[in-house]
Structure formats: structure tokens, C-alpha cells
$ cat final.cif   # mmCIF, C-alpha atoms
data_my_file
#
loop_
_atom_site.label_atom_id
_atom_site.label_comp_id
_atom_site.auth_asym_id
_atom_site.auth_seq_id
_atom_site.Cartn_x
_atom_site.Cartn_y
_atom_site.Cartn_z
CA MET U 10 91.67 -30.03 -123.26
CA ILE U 11 87.87 -29.70 -123.51
CA ILE U 12 86.57 -26.16 -123.07
CA GLU U 13 83.60 -25.55 -125.35
CA THR U 14 81.52 -27.17 -128.07
CA ASP U 15 80.25 -25.88 -131.42
CA LEU U 16 77.18 -28.12 -131.17
CA LYS U 17 74.02 -26.33 -132.35
CA PRO U 18 70.44 -27.62 -131.94
CA VAL U 19 68.88 -28.95 -135.13
CA SER U 20 65.54 -27.80 -136.54
CA GLN U 21 62.42 -29.93 -136.18
CA HIS U 22 62.64 -30.85 -139.88
CA ASP U 23 66.30 -31.86 -139.63
CA ALA U 24 65.71 -33.80 -136.41
CA LYS U 25 62.99 -35.90 -138.01
CA LEU U 26 65.06 -36.46 -141.16
CA LEU U 27 68.08 -37.58 -139.14
CA ARG U 28 66.03 -39.99 -137.03
CA ASP U 29 64.25 -41.36 -140.11
CA VAL U 30 67.53 -42.01 -141.91
CA CYS U 31 69.00 -43.75 -138.84
CA ARG U 32 66.00 -46.08 -138.76
CA ALA U 33 66.17 -46.66 -142.53
CA ILE U 34 69.84 -47.70 -142.48
CA GLY U 35 69.36 -49.81 -139.34
CA TYR U 36 71.38 -47.61 -136.99
CA THR U 37 69.55 -48.91 -133.94
CA GLU U 38 70.34 -50.17 -130.47
CA SER U 39 69.52 -53.78 -131.43
CA ARG U 40 71.64 -53.73 -134.60
CA LEU U 41 74.63 -52.30 -132.74
CA ARG U 42 74.36 -55.08 -130.14
CA GLU U 43 74.08 -57.67 -132.90
CA GLU U 44 77.13 -56.36 -134.76
CA SER U 45 79.42 -55.58 -131.83
CA GLY U 46 77.96 -57.16 -128.69
CA LEU U 47 78.15 -53.70 -127.10
CA MET U 48 75.32 -51.66 -125.58
CA VAL U 49 77.43 -48.55 -124.94
CA PRO U 50 80.19 -46.94 -127.04
CA PRO U 51 83.71 -48.26 -126.34
CA PRO U 52 86.68 -45.97 -125.61
CA ASN U 53 88.80 -45.11 -128.63
CA ASN U 54 91.61 -47.51 -127.61
CA VAL U 55 89.40 -50.62 -127.55
CA ALA U 56 90.93 -53.79 -129.06
CA PRO U 57 90.21 -53.88 -132.83
CA GLU U 58 88.89 -57.46 -132.69
CA LEU U 59 86.00 -56.29 -130.50
CA ILE U 60 84.70 -53.86 -133.10
CA GLY U 61 85.83 -55.49 -136.35
CA ASN U 62 82.31 -56.03 -137.66
CA ILE U 63 81.62 -52.30 -137.47
CA ASP U 64 85.09 -51.00 -138.32
CA ASN U 65 85.48 -53.08 -141.47
CA GLY U 66 82.00 -52.81 -142.97
CA SER U 67 81.06 -50.47 -145.82
CA SER U 68 77.24 -50.36 -145.69
CA PRO U 69 75.46 -47.13 -144.66
CA PHE U 70 74.94 -48.67 -141.20
CA HIS U 71 78.64 -49.47 -140.80
CA VAL U 72 79.80 -46.04 -141.99
CA PHE U 73 77.39 -44.24 -139.65
CA ALA U 74 78.29 -46.52 -136.72
CA LYS U 75 82.01 -46.08 -137.34
CA MET U 76 81.64 -42.30 -137.09
CA PHE U 77 79.04 -41.92 -134.35
CA PHE U 78 79.37 -45.08 -132.22
CA LEU U 79 83.13 -45.60 -132.47
CA GLY U 80 83.95 -41.91 -133.02
CA LYS U 81 86.32 -42.54 -135.94
CA PRO U 82 86.92 -40.38 -139.02
CA VAL U 83 85.77 -41.74 -142.39
CA GLU U 84 86.98 -40.80 -145.88
CA ASP U 85 84.87 -38.21 -147.70
CA SER U 86 84.39 -40.54 -150.67
CA VAL U 87 83.10 -43.37 -148.47
CA VAL U 88 80.68 -41.08 -146.68
CA SER U 89 79.33 -39.60 -149.93
CA GLU U 90 78.67 -43.10 -151.31
CA SER U 91 76.87 -44.32 -148.19
CA ILE U 92 75.13 -41.42 -146.41
CA PRO U 93 72.57 -39.03 -147.98
CA ALA U 94 74.02 -35.60 -148.69
CA SER U 95 71.24 -34.01 -146.64
CA ILE U 96 72.40 -35.88 -143.51
CA VAL U 97 76.03 -34.93 -144.12
CA TYR U 98 74.93 -31.30 -144.42
CA ILE U 99 72.91 -31.47 -141.17
CA ALA U 100 75.89 -33.03 -139.35
CA LEU U 101 78.27 -30.35 -140.60
CA ARG U 102 75.90 -27.44 -139.94
CA SER U 103 75.08 -28.61 -136.41
CA GLY U 104 78.70 -29.27 -135.47
CA MET U 105 78.32 -33.04 -135.18
CA LYS U 106 81.31 -33.50 -137.48
CA LYS U 107 83.95 -31.46 -139.27
CA PRO U 108 85.89 -31.80 -142.54
CA SER U 109 89.56 -32.69 -142.13
CA GLU U 110 91.92 -33.32 -145.09
CA GLY U 111 89.77 -35.72 -147.09
CA PHE U 112 87.98 -37.13 -144.05
CA LEU U 113 84.84 -36.34 -142.11
CA ARG U 114 85.75 -36.37 -138.45
CA PRO U 115 82.98 -36.76 -135.83
CA SER U 116 82.84 -34.13 -133.09
CA VAL U 117 80.34 -36.09 -130.98
CA LEU U 118 78.98 -39.56 -130.49
CA LEU U 119 75.36 -40.16 -131.47
CA VAL U 120 73.98 -43.23 -129.75
CA PRO U 121 70.54 -44.83 -130.17
CA ASP U 122 68.66 -45.94 -127.07
CA GLY U 123 65.24 -47.30 -127.91
CA ASN U 124 63.52 -44.59 -129.95
CA THR U 125 65.91 -41.83 -128.86
CA LEU U 126 69.21 -40.58 -130.25
CA ILE U 127 71.62 -39.10 -127.71
CA ALA U 128 74.72 -37.00 -128.44
CA SER U 129 77.72 -36.80 -126.10
CA ASP U 130 81.45 -36.16 -126.18
CA LEU U 131 83.73 -38.61 -127.97
CA GLN U 132 85.30 -41.31 -125.80
CA VAL U 133 88.86 -40.08 -126.29
CA ILE U 134 90.99 -41.51 -123.48
CA GLY U 135 92.92 -38.29 -122.95
CA ASP U 136 89.69 -36.31 -122.46
CA LEU U 137 87.91 -38.55 -119.95
CA GLY U 138 89.51 -36.87 -116.94
CA ASP U 139 88.66 -33.34 -118.07
CA HIS U 140 86.17 -31.64 -115.74
CA HIS U 141 84.28 -30.32 -118.79
CA TYR U 142 83.84 -33.75 -120.38
CA VAL U 143 80.22 -34.83 -121.04
CA SER U 144 80.15 -38.61 -120.76
CA THR U 145 78.34 -40.90 -123.18
CA LEU U 146 75.78 -43.60 -122.50
CA CYS U 147 76.84 -46.03 -119.73
CA ASP U 148 75.44 -49.05 -117.90
CA ALA U 149 74.38 -47.00 -114.85
CA ALA U 150 72.38 -44.59 -117.02
CA LEU U 151 70.70 -47.52 -118.77
CA HIS U 152 69.81 -49.17 -115.44
CA LEU U 153 68.16 -45.99 -114.18
CA ALA U 154 66.31 -45.49 -117.46
CA PHE U 155 64.98 -49.05 -117.25
CA ALA U 156 63.80 -48.60 -113.65
CA ALA U 157 62.32 -45.10 -113.94
CA VAL U 158 58.57 -45.00 -113.20
CA PRO U 159 56.83 -43.36 -116.21
CA SER U 160 53.77 -42.06 -114.36
CA PRO U 161 52.41 -38.69 -115.59
CA VAL U 162 53.77 -35.82 -113.48
CA GLU U 163 53.94 -32.03 -113.55
CA ARG U 164 57.65 -31.47 -112.87
CA THR U 165 60.65 -33.79 -113.19
CA LEU U 166 64.23 -33.00 -112.22
CA ASP U 167 67.06 -34.78 -114.01
CA LEU U 168 69.82 -34.13 -111.46
CA CYS U 169 73.45 -34.52 -112.58
CA SER U 170 71.90 -34.77 -116.03
CA GLY U 171 74.98 -34.88 -118.25
CA PHE U 172 73.74 -35.27 -121.83
CA ALA U 173 70.13 -35.57 -120.54
CA LEU U 174 69.08 -39.12 -121.42
CA HIS U 175 66.65 -39.18 -118.49
CA SER U 176 65.32 -35.72 -119.37
CA VAL U 177 64.49 -36.87 -122.89
CA LEU U 178 62.79 -40.03 -121.65
CA ALA U 179 60.88 -38.18 -118.91
CA SER U 180 59.68 -35.46 -121.28
CA SER U 181 56.99 -37.79 -122.63
CA PHE U 182 55.24 -38.06 -119.24
CA SER U 183 56.22 -34.73 -117.61
CA ARG U 184 54.78 -31.28 -118.21
CA GLN U 185 58.20 -29.76 -117.46
CA VAL U 186 61.67 -31.27 -117.10
CA ILE U 187 64.65 -29.46 -115.57
CA ALA U 188 68.08 -30.86 -116.49
CA SER U 189 70.68 -29.72 -113.95
CA ASP U 190 74.41 -30.41 -114.01
CA LEU U 191 77.55 -28.98 -112.42
CA ASN U 192 79.30 -28.97 -115.82
CA PRO U 193 78.33 -25.87 -117.87
CA ARG U 194 79.17 -27.70 -121.13
CA ALA U 195 76.29 -30.09 -120.45
CA GLU U 196 73.81 -27.35 -121.36
CA ALA U 197 74.79 -27.48 -125.05
CA PHE U 198 74.21 -31.24 -125.14
CA VAL U 199 70.89 -30.93 -123.30
CA ARG U 200 69.65 -28.35 -125.83
CA PHE U 201 70.89 -30.45 -128.76
CA ASN U 202 69.39 -33.72 -127.51
CA ALA U 203 66.09 -32.04 -126.65
CA ALA U 204 65.85 -30.64 -130.19
CA LEU U 205 66.99 -33.90 -131.81
CA ASN U 206 64.27 -35.84 -130.01
CA GLU U 207 61.66 -33.06 -130.42
CA CYS U 208 61.25 -32.42 -126.68
CA ASP U 209 60.14 -28.84 -126.15
CA ASN U 210 59.60 -29.06 -122.38
CA ILE U 211 63.23 -29.51 -121.22
CA GLU U 212 65.11 -26.65 -119.59
CA PRO U 213 68.87 -26.96 -118.89
CA VAL U 214 70.41 -25.24 -115.86
CA THR U 215 73.90 -25.28 -114.33
CA GLY U 216 74.76 -25.63 -110.65
CA ASN U 217 75.93 -27.94 -107.88
CA LEU U 218 73.24 -30.40 -106.79
CA PHE U 219 70.04 -28.37 -106.11
CA ASP U 220 71.63 -24.90 -106.27
CA ALA U 221 70.18 -24.05 -109.69
CA VAL U 222 66.59 -25.24 -109.27
CA GLY U 223 65.19 -22.88 -106.64
CA ASP U 224 62.55 -23.79 -104.07
CA GLU U 225 59.72 -25.07 -106.27
CA PRO U 226 59.36 -28.81 -105.55
CA PHE U 227 59.37 -31.71 -108.00
CA ASP U 228 57.11 -34.73 -108.43
CA LEU U 229 59.99 -36.88 -109.66
CA ILE U 230 63.76 -36.65 -109.29
CA LEU U 231 65.91 -38.92 -111.45
CA THR U 232 69.63 -38.88 -110.79
CA ASN U 233 72.68 -40.78 -111.95
CA PRO U 234 75.19 -38.83 -109.81
CA PRO U 235 79.01 -39.14 -109.65
CA PHE U 236 78.74 -41.90 -107.07
CA VAL U 237 81.71 -44.19 -107.78
CA ILE U 238 83.79 -44.71 -104.62
CA THR U 239 87.47 -44.44 -105.51
CA PRO U 240 90.69 -43.35 -103.76
CA ASP U 241 90.93 -40.40 -106.18
CA SER U 242 88.31 -38.10 -107.67
CA GLN U 243 89.49 -38.05 -111.28
CA THR U 244 86.29 -37.53 -113.27
CA THR U 245 83.37 -35.27 -112.33
CA TYR U 246 80.86 -37.51 -114.09
CA ARG U 247 81.85 -40.70 -112.18
CA SER U 248 83.41 -39.78 -108.84
CA ASN U 249 83.47 -36.86 -106.41
CA PRO U 250 85.89 -35.42 -103.84
CA ILE U 251 83.75 -36.24 -100.76
CA GLU U 252 85.08 -39.15 -98.68
CA LEU U 253 83.46 -42.59 -99.11
CA ASP U 254 79.71 -42.26 -99.79
CA GLY U 255 79.33 -38.78 -98.25
CA PHE U 256 78.16 -37.27 -101.55
CA VAL U 257 75.30 -39.76 -101.90
CA GLN U 258 74.35 -39.20 -98.25
CA GLN U 259 74.29 -35.44 -98.83
CA LEU U 260 72.17 -35.84 -101.97
CA PHE U 261 69.62 -38.15 -100.32
CA SER U 262 69.32 -36.05 -97.17
CA THR U 263 68.82 -32.82 -99.16
CA ALA U 264 66.43 -34.17 -101.82
CA PRO U 265 63.23 -34.26 -99.68
CA ARG U 266 63.30 -30.46 -99.40
CA HIS U 267 62.89 -30.33 -103.19
CA MET U 268 60.12 -32.91 -103.51
CA LYS U 269 56.34 -32.61 -103.37
CA GLU U 270 54.42 -34.64 -100.81
CA GLY U 271 54.31 -38.16 -102.25
CA GLY U 272 57.10 -37.35 -104.72
CA LEU U 273 59.60 -39.95 -105.87
CA LEU U 274 63.41 -39.99 -106.01
CA GLN U 275 65.09 -42.66 -108.13
CA SER U 276 68.87 -42.96 -108.23
CA ILE U 277 71.79 -45.21 -109.04
CA CYS U 278 74.44 -45.12 -106.32
CA GLU U 279 77.07 -46.92 -104.24
CA TRP U 280 77.40 -46.79 -100.47
CA VAL U 281 79.90 -48.11 -97.96
CA GLU U 282 79.12 -51.10 -95.75
CA LEU U 283 81.29 -50.91 -92.62
CA ASP U 284 82.13 -53.84 -90.37
CA GLY U 285 79.78 -54.03 -87.41
CA GLN U 286 77.29 -51.60 -88.93
CA ASP U 287 73.89 -52.55 -90.34
CA TRP U 288 73.95 -51.92 -94.09
#
$ encode --input "final.cif" --output "C-alpha cells"
Amino acid sequence: MIIETDLKPVSQHDAKLLRDVCRAIGYTESRLREESGLMVPPPNNVAPELIGNIDNGSSPFHVFAKMFFLGKPVEDSVVSESIPASIVYIALRSGMKKPSEGFLRPSVLLVPDGNTLIASDLQVIGDLGDHHYVSTLCDAALHLAFAAVPSPVERTLDLCSGFALHSVLASSFSRQVIASDLNPRAEAFVRFNAALNECDNIEPVTGNLFDAVGDEPFDLILTNPPFVITPDSQTTYRSNPIELDGFVQQLFSTAPRHMKEGGLLQSICEWVELDGQDW
């Protein structure tokens, strides 16, 4: 059961060193796609043949990807031969991984997206339904990131932020970014990812929808909410307990009260098309 995380933000020096090493060993979005055909981390029960290129390799790239893209433990001796000791120390000190009987076991995933590195919970099948789970990179998040308008603004709200991918991306063109999520564990990941990507203008808050952001309006709201329409609400990061598309309707009808005149809301969502009703 997921309750808390030991993840601690890294220093500016350690953040730069970690990003530099990832680039040097080729731990990049394009290399991961080339090696595995995957853009997002697979769950831990994925068929071995789909990840063989990563799982069986021994280069620094393969060792790092095995730990932080697949979320698998790696023998101490293999890690020490492949990864600089300074990076191992940063990972241990920040809580990204832990020693375990001759292995280094990752505590988080660390996924590259363009020039960013984003930490999230491991994709352990038994944890995905936990209300405290902080999901990793997914297709919906990537679609929103691709479509987001990067015009300079004063204030951006990353609503239902999770691990704060959109906060990190928006920090480069926003004076201030608020990352808000219902899940209190998300705050630790927001702080970690902000530090890792050297974003000093991101503030995490916790609350349902707009409850935590007060009355001051935003120029831009980016949101990848729990919009999936299912018979059961099993995961807080994908689905919600409101019938059909009622949650999305509530979000869209409330958002204008939190936007400046001429402000922009961009979202990924699903809605219901009923027979005899204009979509």
C-alpha cells in the first residue's frame, strides 16, 4: 500500500550532474524509443520480449534504463561498473533508489521527455489502484504537452498535476506556475521534478479541482484530469466517481471563474455522445 515517499529534492549542482550524465550515456526519449519501441514506461508485468533490448543489455544506458524506465533492481556490481559513483550517491541520498541485499532497487521511475527528466511512482501492478499512487508519463499527458500553447504568461495552473510534467514545461514561459492535485503525495514529486529540472517558479498545492488555488485568476490552465469513462472508478489518476462525463462538465463549467479575460484552458478529456443529441 502506498502511503508516503522518501523522495527529497536534489540540489542545483546534483540536478545538473544527473541530467548531464543521462545525456552522456544516451538515456534519452529517442534512444528509449529506438531500443524498445515504447514512449512511456511499461507496467512491471509486461512481456519480456517487448523489453529484451533494454533488459538484457549491459551498457550504462541499458543499466540506467533497466532501473528507471523498467523499474527493475540491478546488482550492485553491475551498477558500480556502469554508472558513476556520484550518480549512485545522488540517487541514494535523494531516495530515488535503495540498497537491498546486493542490489540497488529503484524507488521511482525517471523518464526523459525532450529536455526534461520526470520522476513518478513505479508501475507496480498492485499499486496502480491505490488512491495515493502518482502515475508516470502516459499518452494523454504527452498529447497535452504537444498541444500546449507556449506563449509568455504571468500565471499558469497545472490542474490535476500529478508529477507535474506540464508545470515543468510551462515554467519556461510562465512567471508563476501552480501545480494542484487531489493526491497529497503528488507534492513530493512536484518539488522533486521542479528541482531536478531547475524550475524555481513552481508551487505545489493540494485540493480538489480549484479548491486550493484561491480567487486569483490564471492566464493559462493546463489539465490532464481523471477523465476516463468506466463502469468503476478504480484509479484517482484515470477515472472519477461522477457518472459518465459529469466530472469533465463540472471542470469546464467552473474553470472560467478562475481565468483572466482572454485566458486559455487546454485539456485532454472524454465525453459521452448520446443518441439523438448533438455531440
$ residues_around --input "final.cif" --residues "range 204-221 of chain U" --least-positions-apart "6" --cutoff "8 Å" --atoms "all atoms listed in the file" --output "PyMOL selection string"
chain U and resi 18-21+24-25+125-126+168-169+176-177+180-181+184-193+196+260+267
$ atom_distance --input "final.cif" --atom1 "CA of Lys75 in chain U" --atom2 "CA of Pro115 in chain U"
9.5 Å
$ resolve_selection --input "final.cif" --expression "the PyMOL selection byres ((chain U and resi 29-39) around 9)" --output "list in words"
Ala24, Lys25, Leu26, Leu27, Arg28, Arg40, Leu41, Arg42, Glu43, Glu44, Met48, Ser68, Pro69, Phe70, His71, Phe73, Ala74, Ile92, Pro93, Ile96, Val120, Pro121, Asp122, Gly123 and Asn124 of chain U
$ atom_distance --input "final.cif" --atom1 "CA of Val222 in chain U" --atom2 "CA of Leu166 in chain U"
8.6 Å
$ atom_distance --input "final.cif" --atom1 "CA of Ser67 in chain U" --atom2 "CA of Ile127 in chain U"
23.4 Å
$ closest_residue --input "final.cif" --among "U:Trp288, U:Phe227, U:Phe155, U:Phe256" --to "Leu274 in chain U" --atoms "only C-alpha atoms"
U:Phe227
$ closest_residue --input "final.cif" --among "U:Ala100, U:Val199, U:Ala154, U:Ala173" --to "Gln275 in chain U" --atoms "only C-alpha atoms"
U:Ala154
$ resolve_selection --input "final.cif" --expression "the PyMOL selection byres ((chain U and resi 141) around 6)" --output "PyMOL selection string"
chain U and resi 11+139-140+142+192
$ residues_around --input "final.cif" --residues "range 108-113 of chain U" --least-positions-apart "3" --cutoff "7 Å" --atoms "all atoms listed in the file" --output "PyMOL selection string"
chain U and resi 82-85
$ closest_residue --input "final.cif" --among "U:Val162, U:Val97, U:Leu79, U:Ala203" --to "Thr145 in chain U" --atoms "only C-alpha atoms"
U:Leu79
$ closest_residue --input "final.cif" --among "U:Arg200, U:Glu279, U:Gln286, U:Glu163" --to "Pro226 in chain U" --atoms "all atoms listed in the file"
U:Glu163
$ decode --input "final.cif" --residues "range 160-193 of chain U" --atoms "N, CA, C and O atoms" --output "PDB file, in the first residue's frame"
ATOM      1  N   SER U 160       2.927  30.461 -25.122  1.00  0.00           N
ATOM      2  CA  SER U 160       3.002  31.929 -25.141  1.00  0.00           C
ATOM      3  C   SER U 160       3.345  32.439 -23.741  1.00  0.00           C
ATOM      4  O   SER U 160       2.830  31.913 -22.750  1.00  0.00           O
ATOM      5  N   PRO U 161       4.181  33.478 -23.630  1.00  0.00           N
ATOM      6  CA  PRO U 161       4.550  34.013 -22.316  1.00  0.00           C
ATOM      7  C   PRO U 161       3.317  34.476 -21.529  1.00  0.00           C
ATOM      8  O   PRO U 161       2.474  35.199 -22.059  1.00  0.00           O
ATOM      9  N   VAL U 162       3.221  34.042 -20.280  1.00  0.00           N
ATOM     10  CA  VAL U 162       2.095  34.411 -19.418  1.00  0.00           C
ATOM     11  C   VAL U 162       2.598  34.685 -18.015  1.00  0.00           C
ATOM     12  O   VAL U 162       3.715  34.296 -17.636  1.00  0.00           O
ATOM     13  N   GLU U 163       1.743  35.350 -17.222  1.00  0.00           N
ATOM     14  CA  GLU U 163       2.071  35.603 -15.823  1.00  0.00           C
ATOM     15  C   GLU U 163       1.864  34.353 -14.973  1.00  0.00           C
ATOM     16  O   GLU U 163       2.760  33.902 -14.280  1.00  0.00           O
ATOM     17  N   ARG U 164       0.637  33.785 -15.017  1.00  0.00           N
ATOM     18  CA  ARG U 164       0.300  32.683 -14.116  1.00  0.00           C
ATOM     19  C   ARG U 164      -0.306  31.521 -14.887  1.00  0.00           C
ATOM     20  O   ARG U 164      -1.237  31.686 -15.672  1.00  0.00           O
ATOM     21  N   THR U 165       0.242  30.319 -14.635  1.00  0.00           N
ATOM     22  CA  THR U 165      -0.271  29.087 -15.229  1.00  0.00           C
ATOM     23  C   THR U 165      -0.696  28.144 -14.107  1.00  0.00           C
ATOM     24  O   THR U 165      -0.006  28.023 -13.094  1.00  0.00           O
ATOM     25  N   LEU U 166      -1.806  27.475 -14.304  1.00  0.00           N
ATOM     26  CA  LEU U 166      -2.280  26.446 -13.381  1.00  0.00           C
ATOM     27  C   LEU U 166      -2.186  25.092 -14.061  1.00  0.00           C
ATOM     28  O   LEU U 166      -2.765  24.890 -15.124  1.00  0.00           O
ATOM     29  N   ASP U 167      -1.429  24.184 -13.451  1.00  0.00           N
ATOM     30  CA  ASP U 167      -1.393  22.785 -13.877  1.00  0.00           C
ATOM     31  C   ASP U 167      -2.362  22.046 -12.964  1.00  0.00           C
ATOM     32  O   ASP U 167      -2.029  21.697 -11.829  1.00  0.00           O
ATOM     33  N   LEU U 168      -3.591  21.833 -13.448  1.00  0.00           N
ATOM     34  CA  LEU U 168      -4.667  21.268 -12.636  1.00  0.00           C
ATOM     35  C   LEU U 168      -4.679  19.753 -12.777  1.00  0.00           C
ATOM     36  O   LEU U 168      -4.576  19.230 -13.885  1.00  0.00           O
ATOM     37  N   CYS U 169      -4.831  19.043 -11.652  1.00  0.00           N
ATOM     38  CA  CYS U 169      -4.677  17.579 -11.631  1.00  0.00           C
ATOM     39  C   CYS U 169      -3.262  17.248 -12.106  1.00  0.00           C
ATOM     40  O   CYS U 169      -3.050  16.424 -13.001  1.00  0.00           O
ATOM     41  N   SER U 170      -2.292  17.879 -11.473  1.00  0.00           N
ATOM     42  CA  SER U 170      -0.921  17.920 -11.985  1.00  0.00           C
ATOM     43  C   SER U 170      -0.178  16.601 -11.909  1.00  0.00           C
ATOM     44  O   SER U 170       0.725  16.354 -12.706  1.00  0.00           O
ATOM     45  N   GLY U 171      -0.516  15.742 -10.938  1.00  0.00           N
ATOM     46  CA  GLY U 171       0.271  14.523 -10.782  1.00  0.00           C
ATOM     47  C   GLY U 171       1.731  14.876 -10.547  1.00  0.00           C
ATOM     48  O   GLY U 171       2.066  15.704  -9.700  1.00  0.00           O
ATOM     49  N   PHE U 172       2.626  14.277 -11.332  1.00  0.00           N
ATOM     50  CA  PHE U 172       4.064  14.501 -11.153  1.00  0.00           C
ATOM     51  C   PHE U 172       4.548  15.810 -11.764  1.00  0.00           C
ATOM     52  O   PHE U 172       5.733  16.129 -11.720  1.00  0.00           O
ATOM     53  N   ALA U 173       3.652  16.574 -12.393  1.00  0.00           N
ATOM     54  CA  ALA U 173       3.919  17.966 -12.807  1.00  0.00           C
ATOM     55  C   ALA U 173       4.717  18.102 -14.095  1.00  0.00           C
ATOM     56  O   ALA U 173       5.490  19.041 -14.253  1.00  0.00           O
ATOM     57  N   LEU U 174       4.483  17.219 -15.055  1.00  0.00           N
ATOM     58  CA  LEU U 174       5.114  17.392 -16.369  1.00  0.00           C
ATOM     59  C   LEU U 174       4.776  18.750 -16.959  1.00  0.00           C
ATOM     60  O   LEU U 174       5.656  19.482 -17.425  1.00  0.00           O
ATOM     61  N   HIS U 175       3.478  19.112 -16.940  1.00  0.00           N
ATOM     62  CA  HIS U 175       3.053  20.341 -17.596  1.00  0.00           C
ATOM     63  C   HIS U 175       3.520  21.576 -16.814  1.00  0.00           C
ATOM     64  O   HIS U 175       3.766  22.626 -17.406  1.00  0.00           O
ATOM     65  N   SER U 176       3.680  21.434 -15.512  1.00  0.00           N
ATOM     66  CA  SER U 176       4.245  22.524 -14.718  1.00  0.00           C
ATOM     67  C   SER U 176       5.685  22.799 -15.139  1.00  0.00           C
ATOM     68  O   SER U 176       6.091  23.953 -15.326  1.00  0.00           O
ATOM     69  N   VAL U 177       6.463  21.737 -15.273  1.00  0.00           N
ATOM     70  CA  VAL U 177       7.870  21.881 -15.658  1.00  0.00           C
ATOM     71  C   VAL U 177       7.985  22.517 -17.040  1.00  0.00           C
ATOM     72  O   VAL U 177       8.782  23.438 -17.262  1.00  0.00           O
ATOM     73  N   LEU U 178       7.169  22.061 -17.975  1.00  0.00           N
ATOM     74  CA  LEU U 178       7.228  22.611 -19.328  1.00  0.00           C
ATOM     75  C   LEU U 178       6.766  24.067 -19.349  1.00  0.00           C
ATOM     76  O   LEU U 178       7.342  24.900 -20.051  1.00  0.00           O
ATOM     77  N   ALA U 179       5.712  24.367 -18.579  1.00  0.00           N
ATOM     78  CA  ALA U 179       5.167  25.729 -18.577  1.00  0.00           C
ATOM     79  C   ALA U 179       6.040  26.710 -17.818  1.00  0.00           C
ATOM     80  O   ALA U 179       5.920  27.923 -18.000  1.00  0.00           O
ATOM     81  N   SER U 180       6.936  26.215 -16.973  1.00  0.00           N
ATOM     82  CA  SER U 180       7.757  27.116 -16.162  1.00  0.00           C
ATOM     83  C   SER U 180       8.653  27.996 -17.021  1.00  0.00           C
ATOM     84  O   SER U 180       9.041  29.087 -16.594  1.00  0.00           O
ATOM     85  N   SER U 181       8.973  27.542 -18.236  1.00  0.00           N
ATOM     86  CA  SER U 181       9.874  28.308 -19.097  1.00  0.00           C
ATOM     87  C   SER U 181       9.206  29.529 -19.713  1.00  0.00           C
ATOM     88  O   SER U 181       9.893  30.448 -20.154  1.00  0.00           O
ATOM     89  N   PHE U 182       7.856  29.546 -19.750  1.00  0.00           N
ATOM     90  CA  PHE U 182       7.174  30.703 -20.337  1.00  0.00           C
ATOM     91  C   PHE U 182       6.158  31.337 -19.379  1.00  0.00           C
ATOM     92  O   PHE U 182       5.367  32.175 -19.774  1.00  0.00           O
ATOM     93  N   SER U 183       6.200  30.936 -18.100  1.00  0.00           N
ATOM     94  CA  SER U 183       5.284  31.478 -17.090  1.00  0.00           C
ATOM     95  C   SER U 183       6.085  32.119 -15.960  1.00  0.00           C
ATOM     96  O   SER U 183       7.128  31.590 -15.549  1.00  0.00           O
ATOM     97  N   ARG U 184       5.591  33.249 -15.455  1.00  0.00           N
ATOM     98  CA  ARG U 184       6.252  33.838 -14.290  1.00  0.00           C
ATOM     99  C   ARG U 184       6.040  32.966 -13.060  1.00  0.00           C
ATOM    100  O   ARG U 184       6.947  32.791 -12.242  1.00  0.00           O
ATOM    101  N   GLN U 185       4.819  32.404 -12.925  1.00  0.00           N
ATOM    102  CA  GLN U 185       4.500  31.540 -11.790  1.00  0.00           C
ATOM    103  C   GLN U 185       3.641  30.378 -12.284  1.00  0.00           C
ATOM    104  O   GLN U 185       2.766  30.552 -13.130  1.00  0.00           O
ATOM    105  N   VAL U 186       3.920  29.192 -11.758  1.00  0.00           N
ATOM    106  CA  VAL U 186       3.130  28.003 -12.069  1.00  0.00           C
ATOM    107  C   VAL U 186       2.642  27.398 -10.756  1.00  0.00           C
ATOM    108  O   VAL U 186       3.429  27.177  -9.832  1.00  0.00           O
ATOM    109  N   ILE U 187       1.338  27.132 -10.682  1.00  0.00           N
ATOM    110  CA  ILE U 187       0.753  26.417  -9.546  1.00  0.00           C
ATOM    111  C   ILE U 187       0.413  25.008 -10.005  1.00  0.00           C
ATOM    112  O   ILE U 187      -0.284  24.828 -11.009  1.00  0.00           O
ATOM    113  N   ALA U 188       0.910  24.013  -9.280  1.00  0.00           N
ATOM    114  CA  ALA U 188       0.619  22.606  -9.577  1.00  0.00           C
ATOM    115  C   ALA U 188      -0.328  22.083  -8.506  1.00  0.00           C
ATOM    116  O   ALA U 188       0.055  21.944  -7.345  1.00  0.00           O
ATOM    117  N   SER U 189      -1.566  21.793  -8.893  1.00  0.00           N
ATOM    118  CA  SER U 189      -2.590  21.396  -7.929  1.00  0.00           C
ATOM    119  C   SER U 189      -3.068  19.978  -8.207  1.00  0.00           C
ATOM    120  O   SER U 189      -3.346  19.621  -9.356  1.00  0.00           O
ATOM    121  N   ASP U 190      -3.180  19.182  -7.154  1.00  0.00           N
ATOM    122  CA  ASP U 190      -3.648  17.806  -7.306  1.00  0.00           C
ATOM    123  C   ASP U 190      -4.395  17.386  -6.048  1.00  0.00           C
ATOM    124  O   ASP U 190      -4.091  17.858  -4.940  1.00  0.00           O
ATOM    125  N   LEU U 191      -5.356  16.497  -6.217  1.00  0.00           N
ATOM    126  CA  LEU U 191      -6.116  15.954  -5.092  1.00  0.00           C
ATOM    127  C   LEU U 191      -5.253  15.072  -4.198  1.00  0.00           C
ATOM    128  O   LEU U 191      -5.479  14.974  -2.991  1.00  0.00           O
ATOM    129  N   ASN U 192      -4.259  14.420  -4.779  1.00  0.00           N
ATOM    130  CA  ASN U 192      -3.404  13.461  -4.087  1.00  0.00           C
ATOM    131  C   ASN U 192      -2.279  14.197  -3.346  1.00  0.00           C
ATOM    132  O   ASN U 192      -1.411  14.803  -3.978  1.00  0.00           O
ATOM    133  N   PRO U 193      -2.234  14.146  -2.018  1.00  0.00           N
ATOM    134  CA  PRO U 193      -1.186  14.874  -1.282  1.00  0.00           C
ATOM    135  C   PRO U 193       0.221  14.370  -1.569  1.00  0.00           C
ATOM    136  O   PRO U 193       1.191  15.117  -1.433  1.00  0.00           O
TER     137      PRO U 193
END
